[in-house]
Amino acid sequence: MTDLSVRIGDITLANPIMPGSGTLAEGMADVFDLSRLGAIVTKTFTDDLREGNAPPRVAELQNSTLFSIGIPSKGTDYYLNKTVPFYQKFNTPIVASISADTTEGFGALAAKLSDSGVVAIEANISCPNLKKDGLAFGMDPVATEEVIRAMKAATHLPVWAKLSPNVGDIAVIARAAENGGADALVTANAMLAMAIDIETWQPRVANLMGGITGPATKPVIMRMVYQCAQAVSIPVIGCGGVSNAADAIEYMLAGATAVQMGTQSFVQPTAMVKLLDDLTAYCERRGIAKVSKLTGAMRMFSPEQLARQGSL
Amino acid sequence: MTDLSVRIGDITLANPIMPGSGTLAEGMADVFDLSRLGAIVTKTFTDDLREGNAPPRVAELQNSTLFSIGIPSKGTDYYLNKTVPFYQKFNTPIVASISADTTEGFGALAAKLSDSGVVAIEANISCPNLKKDGLAFGMDPVATEEVIRAMKAATHLPVWAKLSPNVGDIAVIARAAENGGADALVTANAMLAMAIDIETWQPRVANLMGGITGPATKPVIMRMVYQCAQAVSIPVIGCGGVSNAADAIEYMLAGATAVQMGTQSFVQPTAMVKLLDDLTAYCERRGIAKVSKLTGAMRMFSPEQLARQGSL
Amino acid sequence: MSLCAVKPDEAGAGDSFPVAENLCTIVSNDWVNEEYRLLIVDAPAIALAAKAGQFFHLMCPPDGESGNFLRRPMSIHRIDREQGQLHFLYKVQGSGTRGLATLGQGDTLDALGPVGQGFTLPRGTQHVVMIGRGVGLATLAPLAQEAVAAGAKVTAILSARMASLLMAEDALRSDGAEVVIVTDDVGNSDTTSLEALLRRVHADRPIDFVATCGSKRLTRLLQDFSTEFGIAGQVALEQRMGCALGMCFACVMPFRNTAADGTRTVGYRRVCWDGPVFNLEETVL
Amino acid sequence: MSLCAVKPDEAGAGDSFPVAENLCTIVSNDWVNEEYRLLIVDAPAIALAAKAGQFFHLMCPPDGESGNFLRRPMSIHRIDREQGQLHFLYKVQGSGTRGLATLGQGDTLDALGPVGQGFTLPRGTQHVVMIGRGVGLATLAPLAQEAVAAGAKVTAILSARMASLLMAEDALRSDGAEVVIVTDDVGNSDTTSLEALLRRVHADRPIDFVATCGSKRLTRLLQDFSTEFGIAGQVALEQRMGCALGMCFACVMPFRNTAADGTRTVGYRRVCWDGPVFNLEETVL
Ligand SMILES: Cc1cc2nc3c(=O)[nH]c(=O)nc-3n(C[C@H](O)[C@H](O)[C@H](O)COP(=O)(O)OP(=O)(O)OC[C@H]3O[C@@H](n4cnc5c(N)ncnc54)[C@H](O)[C@@H]3O)c2cc1C
Ligand SMILES: Cc1cc2nc3c(=O)[nH]c(=O)nc-3n(C[C@H](O)[C@H](O)[C@H](O)COP(=O)(O)OP(=O)(O)OC[C@H]3O[C@@H](n4cnc5c(N)ncnc54)[C@H](O)[C@@H]3O)c2cc1C
Ligand SMILES: Cc1cc2nc3c(=O)[nH]c(=O)nc-3n(C[C@H](O)[C@H](O)[C@H](O)COP(=O)(O)O)c2cc1C
Ligand SMILES: Cc1cc2nc3c(=O)[nH]c(=O)nc-3n(C[C@H](O)[C@H](O)[C@H](O)COP(=O)(O)O)c2cc1C
Ligand code: FES
Ligand code: FES
């Protein structure tokens, strides 16, 4: 019987699969028992009410999607009074995801969640830092560290830093988050992308640019997960293009402790459940008693192999 | 009769399609008449002889590939005496691509090409700057500007800066290249990526990391082409996931003057010829007399459209 | 969909969930005219629980070389619980629907659903008038069935460019609806003519529920008409979707909200989760 | 391939190029044993110009949900210019070959080629000995045809785990080769036994050309044997490929180079462009 449990700092999850923030909501409970998930990560909310971007908010790409939702938010009270109680019906740890316009805002909102019943807070730092010429917090190591530090000062809850992939050196950002006290990293949010309709000559999402998500993004994010895992001691949660157990295993081999699935849940809502079944089958086939043994288990080519120079 | 010509600075190309550096070689002449291309960009070479990376150098991904060739090079003499004469058999302007370990090396090699018969030199700055802790030239605006400046000082030939996409702000690098005197930008080289075989637990390319190329990369590179075109006045050549005329048109609408096709040539060697035929057909259908009119012709959503809030 | 769909005693049991990736077997998938095909499938029980106005999110086979990554939303056109079949009426428009068109008898259709809020007929409704144009008729047809079954008279006004492009006419009649046809050809499909027609119908037999789908012009007409006469009404809308389960927030459109104190605001709602059927007076066009 | 394949007077004429994306019609694609299938296609003239040892880069249909982005290289197994057909013998191994296996009679195979350097039989060769194991036999078979046609005697030593896994045995015999079978079962396929066999064959009738494919062990054996007896020999190699046209430089392997002054170095060559057939003495295993 495979032990699927994983530890993210002081939190033990029953298994390494959870949804990416913004890709699971109440409607999924109509499809399968959410108690099967390792954790439930909820959509990013802000303290203030927001409508989000104008539609069209989605465009289909090859093996991927372009999304430009913005951060629609019903505010903190709704989250505490409606959202959390809904998910507490399941035996699954809840992870909140928050965003704010300023470092102080992140801290203040984190404080409000301390007694909410969530087990951790994901800091969505891919949003613009309005106090610093609009550059996203997650593109600036100093801002990243400050946000995490402010949140850690404001709450006893573990803080997961959700990194932006739109940077030149993600290891620098990873270390900054760790220095700020992050208990884990989520690598990563969506890469900034664009698509134009060649018949209308207009952008395919109203916001001009959006995030590209789905299987096409996996190889780039895989490299980032590896770089993050090499750079820090805290757990790294892989997020980008996970569609099945093979992807989850690959991320874990690269250094991830757990994974998040986003877009694939739109294509195949039962995909996370199937992933767990297939992950178990893989571990049984390979005689792996604990799935956590996969984390960082990638083996480099030996000098002998390289000398044989990769002939098949 | 559609006018397919485009101008890259002082160079007029018969059409906007050319191969990405490293994706076309003499063998393509066995497949179609290379005189049909707008230009021929040759594989990056260095003055010194290099073997390149150990194999395996290629791994298939979904709708894309992971390549880790390194920069194998037969040196300058081979380029001048063998490679250039071969391509001079065709009525197609030749663009050299060079790499070096230092700024001075770029300048010196550029000087050697001044009388070679090539019409321009592409600076492949995605390689590590050995004098500056191994960070790629193209990830550092200062190094980027210095390399271009050194090349412009060394030769009268136009210099195209081939940008690395592995940066947080590609507009900054674009402007640095322009400040250094670049005559055009090529946006972009391949994004750094990784893939692991979940049966062997080993990387799928010997070098651990490689570049991801092909259709899956287009939306991210499209956004970078747009950002570059917004940031500079010099022409931007789009490169990343071009597989057909629709992709070429999309890049041009985003701001590209011309495009390069790489990986698709491996899948369908006649793809560039087909692209030209389909591009002509599109222009005829739309009553576009000059394909160059497509450059930057994307239309934003109007306030009225956004107010209607994108209902279908 | 109910937020409490998980029955506590059946938690974990695979088939107690109201929404599933239903694997349906194709019975037929034929052209009904130049642009539209009728897809008939054998469907499992979960799918057959669908109501008029609800839809499914269909996995579409590849169209030639390009795959269809996201599912495509399609309304229920007919729910035939006797035969255990569902009907979809779809226009072959782009890559997804071209892929759908390749499915043949015996093939499998993966249909996620049923999802969405369907039509809500007020108790005791006497006379339903539905106006549909183009493929909007596909979505309205099951409402006619349900309304007749609930004891209401149904008048179905079908609009099209020309009579040959009409669909669902015969099915509506055999379901018990009175069908009125208006076409651009004949020149009686314009707003003025339709408004006059509605007034005549209402005068003849009071309308207490209106429904439409597929045309902003017709929706606006019905909004004005229902406001003037105080008639309840709903419209089935469309928007680009990612998940069809209320998770991604891609499918929003603006709607009028009236607060408890009467203040009116406009805000986004999800067409897949709060709709696709909405009350006419809340719909912003 | 020649670097001057473009005939100046035919520049631009679509069909004067020696390499093409040949659209071939499937004649049959059947299992020959548990692991291998024989694909027979009607092929156009460009493709029929293929020589033994050359290969094609095949576009593989999707295997279920996952597409096959890159082509797969497959050796010519048989060139039948009379029938205008090509044969490929392939092991169903992974996603690409599973996709190939779905092609049926009348379907189209996109075969880029012919590419690569084939076997070069020195003029006047009298006795060719080829040793192949597994699917290596697929690649060697056309060499037997060409050698017999050139007037040489051909001895084909086929190695397999057991006799039932042998392939191409009958075709080789009917092409005029003498076939010797060695198997693990019987215990005569090991290196020592084979070396002894080669010596006996050579003593019986001097060998002046050896060829192999598909096994490092057999290649090493032939390298030693050909060095000892001063016999010319070639091996057909495999490496992961991107383009098969010598452009991407993915497919390199190390080879021994001897400079004009006699210095020996080891350097990379492209298996698709400089090979896949290489001289035994240059091959580094
Ligand atoms: C709730 C709902 C019910 C629908 N019911 C029907 C029906 O019964 N019959 C029918 O023919 N059509 C119906 N549609 C529209 C149908 O979904 C689109 O025609 C279809 O998605 C087009 O896909 P395509 O790939 O063939 O076309 P493309 O134009 O190539 O589509 C490109 C992308 O845009 C999306 N898209 C394009 N048009 C629409 C649209 N009108 N609505 C939503 N997404 C769209 C596609 O899903 C796809 O992701 C319905 C739409 C919704 C939202
Ligand atoms: C010049 C040449 C001639 C060949 N001729 C034959 C032949 O006649 N019959 C036959 O059965 N096989 C032959 N092969 C091997 C054949 O190409 C592989 O079996 C096939 O590519 C496997 O693809 P797959 O997707 O089914 O397997 P997978 O294992 O899923 O392949 C994954 C990837 O690795 C590549 N790959 C895997 N094995 C090989 C290999 N041995 N050589 C090159 N690439 C590989 C695939 O092309 C693919 O890109 C030849 C290879 C080369 C290079
Ligand atoms: C529709 C949609 C909404 C998202 N909303 C959020 C969000 O609110 N907060 C956040 O941190 N990430 C958000 N994301 C990003 C995902 O959590 C995830 O990082 C990304 O989609 C990559 O994973 P995937 O490739 O598996 O989809 C969203 C993604 C999608 C597709
Ligand atoms: C096999 C291979 C070799 C490449 N070699 C080079 C090179 O030598 N110099 C360079 O600047 N880019 C090189 N590239 C990058 C391409 O020029 C191009 O930027 C990239 O492949 C993206 O285009 P594509 O998606 O159309 O393939 C190479 C790409 C591939 C696939
Ligand atoms: S389609 Fe995802 S919320 Fe409606
Ligand atoms: S496969 Fe591209 S060079 Fe050989």
# chains A, B, ... in the order shown; residues from 1 in each chain; ligands from 1
>>> residues_around(residues="B:Thr270", least_positions_apart="6", cutoff="10 Å", atoms="only C-alpha atoms", output="NGL selection string")
(:B and (28 or 31-33 or 264)) or (:D and (20-21))
>>> select_by_dssp(residues="stretch 34-139 of chain A", states="alpha helix (DSSP H)", output="JSON, numbers by chain")
{"A": [75, 76, 77, 78, 84, 85, 86, 87, 103, 104, 105, 106, 107, 108, 109, 110, 111, 112]}
>>> residues_around(residues="A:Phe67", least_positions_apart="6", cutoff="7 Å", atoms="only C-alpha atoms", output="list in words")
Arg57, Val58, Ala59, Gly210, Gly211 and Ile212 of chain A
>>> residues_around(residues="A:Ile11", least_positions_apart="6", cutoff="10 Å", atoms="only C-alpha atoms", output="list in words")
Pro93, Val119, Ala120, Pro158 and Asp183 of chain A
>>> write_last_selection(atoms="all heavy atoms", output="short mmCIF file (atom, residue, chain, number, x, y, z; two decimals), in the first residue's frame")
data_model
loop_
_atom_site.label_atom_id
_atom_site.label_comp_id
_atom_site.auth_asym_id
_atom_site.auth_seq_id
_atom_site.Cartn_x
_atom_site.Cartn_y
_atom_site.Cartn_z
N PRO A 93 -7.36 19.79 3.86
CA PRO A 93 -6.81 21.08 4.30
C PRO A 93 -7.04 22.14 3.23
O PRO A 93 -6.90 21.87 2.05
CB PRO A 93 -5.31 20.80 4.45
CG PRO A 93 -5.17 19.33 4.47
CD PRO A 93 -6.33 18.75 3.76
N VAL A 119 -5.10 26.16 6.47
CA VAL A 119 -3.85 25.64 7.05
C VAL A 119 -2.63 26.43 6.57
O VAL A 119 -1.56 26.29 7.15
CB VAL A 119 -3.64 24.15 6.74
CG1 VAL A 119 -4.85 23.34 7.18
CG2 VAL A 119 -3.33 23.91 5.28
N ALA A 120 -2.79 27.21 5.51
CA ALA A 120 -1.66 27.98 4.98
C ALA A 120 -2.21 29.07 4.08
O ALA A 120 -3.39 29.02 3.68
CB ALA A 120 -0.71 27.07 4.21
N PRO A 158 1.49 29.09 8.08
CA PRO A 158 2.53 28.95 7.06
C PRO A 158 2.20 29.80 5.83
O PRO A 158 1.03 29.98 5.49
CB PRO A 158 2.49 27.46 6.72
CG PRO A 158 1.85 26.79 7.87
CD PRO A 158 0.89 27.80 8.46
N ASP A 183 7.45 29.32 3.93
CA ASP A 183 7.48 27.92 4.36
C ASP A 183 7.50 26.98 3.16
O ASP A 183 7.82 25.79 3.31
CB ASP A 183 6.27 27.63 5.24
CG ASP A 183 6.27 28.50 6.47
OD1 ASP A 183 6.96 28.13 7.45
OD2 ASP A 183 5.62 29.58 6.46
#
>>> select_by_dssp(residues="stretch 63-308 of chain B", states="strand (DSSP E or B)", output="number ranges by chain")
B: 64-67, 73, 94-98, 120-124, 128, 136, 159-162, 184-187, 191-194, 196, 203, 209-213, 236-239, 258-261, 290
>>> write_last_selection(atoms="N, CA and C atoms", output="CSV table (one decimal), in the first residue's frame")
chain,number,residue,atom,x,y,z
B,64,SER,N,6.3,20.3,-29.5
B,64,SER,CA,7.5,21.1,-29.3
B,64,SER,C,8.6,20.1,-29.2
B,65,THR,N,9.8,20.7,-29.1
B,65,THR,CA,11.0,19.8,-28.9
B,65,THR,C,11.9,20.4,-27.9
B,66,LEU,N,12.7,19.6,-27.2
B,66,LEU,CA,13.8,20.0,-26.3
B,66,LEU,C,15.1,19.7,-27.0
B,67,PHE,N,15.8,20.8,-27.3
B,67,PHE,CA,17.1,20.6,-28.0
B,67,PHE,C,18.2,21.1,-27.1
B,73,SER,N,31.1,24.0,-33.7
B,73,SER,CA,31.6,24.9,-34.7
B,73,SER,C,32.8,24.4,-35.4
B,94,ILE,N,22.5,36.1,-47.5
B,94,ILE,CA,22.9,35.2,-46.4
B,94,ILE,C,23.2,36.0,-45.2
B,95,VAL,N,22.7,35.6,-44.0
B,95,VAL,CA,22.9,36.2,-42.7
B,95,VAL,C,23.7,35.2,-41.9
B,96,ALA,N,24.9,35.7,-41.5
B,96,ALA,CA,25.7,34.9,-40.6
B,96,ALA,C,25.3,35.0,-39.2
B,97,SER,N,25.5,34.0,-38.4
B,97,SER,CA,25.2,34.0,-36.9
B,97,SER,C,26.5,33.7,-36.2
B,98,ILE,N,26.9,34.6,-35.3
B,98,ILE,CA,28.2,34.3,-34.6
B,98,ILE,C,28.0,34.3,-33.1
B,120,ALA,N,24.4,40.5,-43.4
B,120,ALA,CA,24.2,40.9,-42.1
B,120,ALA,C,24.7,39.9,-41.1
B,121,ILE,N,25.0,40.3,-39.9
B,121,ILE,CA,25.4,39.3,-38.9
B,121,ILE,C,24.5,39.3,-37.7
B,122,GLU,N,24.0,38.1,-37.4
B,122,GLU,CA,23.2,37.9,-36.2
B,122,GLU,C,24.1,37.6,-35.0
B,123,ALA,N,23.9,38.4,-34.0
B,123,ALA,CA,24.7,38.2,-32.8
B,123,ALA,C,23.9,37.2,-31.9
B,124,ASN,N,24.4,36.0,-31.7
B,124,ASN,CA,23.8,35.0,-30.8
B,124,ASN,C,24.3,35.3,-29.4
B,128,PRO,N,26.9,32.0,-22.8
B,128,PRO,CA,27.4,32.6,-21.5
B,128,PRO,C,28.6,33.6,-21.7
B,136,ALA,N,24.5,34.7,-19.4
B,136,ALA,CA,24.4,34.9,-20.8
B,136,ALA,C,24.4,36.4,-21.1
B,159,VAL,N,24.0,44.6,-38.1
B,159,VAL,CA,24.0,43.7,-36.9
B,159,VAL,C,22.6,43.4,-36.4
B,160,TRP,N,22.2,42.2,-36.3
B,160,TRP,CA,20.9,41.8,-35.8
B,160,TRP,C,21.2,41.2,-34.4
B,161,ALA,N,20.5,41.7,-33.4
B,161,ALA,CA,20.7,41.1,-32.1
B,161,ALA,C,19.7,40.0,-31.8
B,162,LYS,N,20.1,38.8,-31.7
B,162,LYS,CA,19.2,37.7,-31.4
B,162,LYS,C,19.0,37.6,-29.9
B,184,ALA,N,18.6,45.5,-36.2
B,184,ALA,CA,17.3,44.8,-36.1
B,184,ALA,C,17.4,43.9,-34.9
B,185,LEU,N,16.3,43.4,-34.4
B,185,LEU,CA,16.3,42.4,-33.3
B,185,LEU,C,15.7,41.1,-33.8
B,186,VAL,N,16.2,40.0,-33.4
B,186,VAL,CA,15.5,38.7,-33.6
B,186,VAL,C,15.0,38.2,-32.3
B,187,THR,N,13.7,38.2,-32.2
B,187,THR,CA,13.0,37.8,-30.9
B,187,THR,C,12.2,36.5,-31.1
B,191,MET,N,13.5,29.2,-25.1
B,191,MET,CA,13.4,29.3,-23.7
B,191,MET,C,14.0,28.1,-23.0
B,192,LEU,N,14.7,28.3,-21.9
B,192,LEU,CA,15.4,27.3,-21.2
B,192,LEU,C,14.4,26.3,-20.6
B,193,ALA,N,14.6,25.0,-20.8
B,193,ALA,CA,13.6,24.1,-20.3
B,193,ALA,C,14.2,22.8,-19.9
B,194,MET,N,13.4,21.8,-19.4
B,194,MET,CA,14.0,20.6,-18.9
B,194,MET,C,12.9,19.5,-19.0
B,196,ILE,N,12.4,15.1,-17.9
B,196,ILE,CA,13.0,14.0,-17.2
B,196,ILE,C,12.2,12.7,-17.6
B,203,PRO,N,17.7,12.9,-17.0
B,203,PRO,CA,17.3,13.9,-17.9
B,203,PRO,C,17.1,13.4,-19.3
B,209,MET,N,19.6,20.6,-19.2
B,209,MET,CA,18.7,21.6,-19.7
B,209,MET,C,18.9,21.8,-21.2
B,210,GLY,N,17.8,22.3,-21.8
B,210,GLY,CA,17.9,22.6,-23.2
B,210,GLY,C,17.0,23.7,-23.6
B,211,GLY,N,16.9,24.0,-24.8
B,211,GLY,CA,15.9,25.0,-25.3
B,211,GLY,C,14.7,24.3,-25.8
B,212,ILE,N,13.5,24.9,-25.4
B,212,ILE,CA,12.2,24.4,-26.0
B,212,ILE,C,11.9,25.2,-27.2
B,213,THR,N,11.6,24.5,-28.3
B,213,THR,CA,11.3,25.1,-29.6
B,213,THR,C,10.0,24.5,-30.2
B,236,VAL,N,11.8,44.3,-35.9
B,236,VAL,CA,11.9,43.1,-35.0
B,236,VAL,C,11.5,41.9,-35.9
B,237,ILE,N,12.3,40.9,-35.8
B,237,ILE,CA,12.1,39.7,-36.6
B,237,ILE,C,11.6,38.6,-35.6
B,238,GLY,N,10.4,38.1,-35.8
B,238,GLY,CA,9.8,37.2,-34.9
B,238,GLY,C,10.3,35.8,-35.1
B,239,CYS,N,10.6,35.1,-34.0
B,239,CYS,CA,11.1,33.7,-34.1
B,239,CYS,C,10.7,32.9,-32.9
B,258,ALA,N,9.5,40.6,-40.2
B,258,ALA,CA,9.8,39.3,-40.8
B,258,ALA,C,9.7,38.2,-39.8
B,259,VAL,N,9.8,37.0,-40.2
B,259,VAL,CA,9.8,35.9,-39.2
B,259,VAL,C,10.8,34.8,-39.6
B,260,GLN,N,11.2,34.1,-38.6
B,260,GLN,CA,12.1,32.9,-38.8
B,260,GLN,C,11.3,31.6,-38.4
B,261,MET,N,11.5,30.6,-39.2
B,261,MET,CA,11.0,29.3,-38.8
B,261,MET,C,12.1,28.3,-38.5
B,290,LYS,N,0.6,44.9,-50.2
B,290,LYS,CA,2.0,44.8,-49.7
B,290,LYS,C,1.9,44.1,-48.3
>>> interface_residues(of="chain C", to="chain B", cutoff="10 Å", atoms="only C-alpha atoms", output="list in words")
Lys216, Leu237, Glu238, Gln239, Arg240, Cys251, Val252, Met253, Pro254, Tyr268, Val284 and Leu285 of chain C
>>> residues_around(residues="B:Cys228", least_positions_apart="3", cutoff="8 Å", atoms="only C-alpha atoms", output="list in words")
Ile170, Ala171, Ala174, Thr187, Met224, Val225, Ala231, Val232 and Val236 of chain B
>>> write_last_selection(atoms="N, CA, C and O atoms", output="CSV table (one decimal), in the first residue's frame")
chain,number,residue,atom,x,y,z
B,170,ILE,N,12.2,42.0,-21.4
B,170,ILE,CA,12.9,41.9,-22.7
B,170,ILE,C,12.9,43.2,-23.4
B,170,ILE,O,13.8,43.5,-24.2
B,171,ALA,N,12.0,44.2,-23.0
B,171,ALA,CA,12.1,45.5,-23.6
B,171,ALA,C,13.4,46.2,-23.2
B,171,ALA,O,13.9,47.0,-24.0
B,174,ALA,N,16.0,44.8,-25.3
B,174,ALA,CA,15.8,45.3,-26.7
B,174,ALA,C,16.3,46.7,-26.8
B,174,ALA,O,17.0,47.1,-27.8
B,187,THR,N,13.7,38.2,-32.2
B,187,THR,CA,13.0,37.8,-30.9
B,187,THR,C,12.2,36.5,-31.1
B,187,THR,O,11.2,36.6,-31.8
B,224,MET,N,6.6,38.7,-26.4
B,224,MET,CA,7.9,39.4,-26.4
B,224,MET,C,8.1,40.2,-27.6
B,224,MET,O,8.7,41.3,-27.6
B,225,VAL,N,7.7,39.6,-28.8
B,225,VAL,CA,7.8,40.4,-30.0
B,225,VAL,C,7.0,41.7,-29.9
B,225,VAL,O,7.5,42.8,-30.3
B,231,ALA,N,9.0,48.8,-27.9
B,231,ALA,CA,10.1,49.4,-27.1
B,231,ALA,C,11.2,50.1,-28.0
B,231,ALA,O,11.9,51.0,-27.6
B,232,VAL,N,11.3,49.6,-29.3
B,232,VAL,CA,12.4,50.1,-30.2
B,232,VAL,C,11.8,50.6,-31.5
B,232,VAL,O,10.6,50.3,-31.8
B,236,VAL,N,11.8,44.3,-35.9
B,236,VAL,CA,11.9,43.1,-35.0
B,236,VAL,C,11.5,41.9,-35.9
B,236,VAL,O,10.5,42.0,-36.6
>>> atom_distance(atom1="atom CA of D:Arg161", atom2="atom 25 (O, counted along the ligand's line) of ligand 2")
23.5 Å
>>> closest_atom_pairs(of="chain A", to="chain B", cutoff="6 Å", atoms="only C-alpha atoms", output="CSV")
residue,atom,partner,partner_atom,distance
A:Ala54,CA,B:Gln309,CA,5.6
A:Pro55,CA,B:Gly310,CA,5.0
A:Pro56,CA,B:Gly310,CA,5.4
A:Asn166,CA,B:Gly168,CA,5.3
A:Val167,CA,B:Gly168,CA,3.6
A:Gly168,CA,B:Val167,CA,3.6
A:Ala193,CA,B:Val220,CA,4.3
A:Met194,CA,B:Arg223,CA,4.8
A:Ala195,CA,B:Pro219,CA,5.9
A:Ile196,CA,B:Glu250,CA,6.0
A:Ile198,CA,B:Glu250,CA,5.9
A:Trp201,CA,B:Met298,CA,5.0
A:Gln202,CA,B:Arg299,CA,5.0
A:Ala216,CA,B:Ala216,CA,5.3
A:Pro219,CA,B:Ala193,CA,5.0
A:Val220,CA,B:Ala193,CA,4.3
A:Met222,CA,B:Met194,CA,5.8
A:Arg223,CA,B:Met194,CA,4.8
A:Glu250,CA,B:Ile198,CA,6.0
A:Met298,CA,B:Trp201,CA,5.0
A:Arg299,CA,B:Gln202,CA,5.0
A:Met300,CA,B:Gln202,CA,5.7
A:Gln309,CA,B:Ala54,CA,5.6
A:Gly310,CA,B:Pro55,CA,4.9
>>> decode(residues="stretch 248-266 of chain D", atoms="C-alpha atoms", output="compact mmCIF listing (two decimals), in the first residue's frame")
# COMPACT_ATOMS: atom_id res chain seq x y z
CA CYS D 248 19.84 20.21 -36.56
CA PHE D 249 23.01 18.38 -35.41
CA ALA D 250 21.04 16.36 -32.86
CA CYS D 251 22.05 12.94 -34.19
CA VAL D 252 25.80 13.00 -33.63
CA MET D 253 27.93 10.10 -32.48
CA PRO D 254 31.68 9.92 -32.04
CA PHE D 255 33.89 8.63 -34.89
CA ARG D 256 37.59 8.20 -35.47
CA ASN D 257 39.12 10.69 -37.88
CA THR D 258 42.53 10.17 -39.43
CA ALA D 259 44.17 13.41 -40.56
CA ALA D 260 46.33 13.65 -43.66
CA ASP D 261 49.42 13.41 -41.47
CA GLY D 262 48.09 10.29 -39.80
CA THR D 263 47.04 11.82 -36.50
CA ARG D 264 43.90 10.22 -35.17
CA THR D 265 41.22 12.16 -33.36
CA VAL D 266 37.69 11.43 -32.27
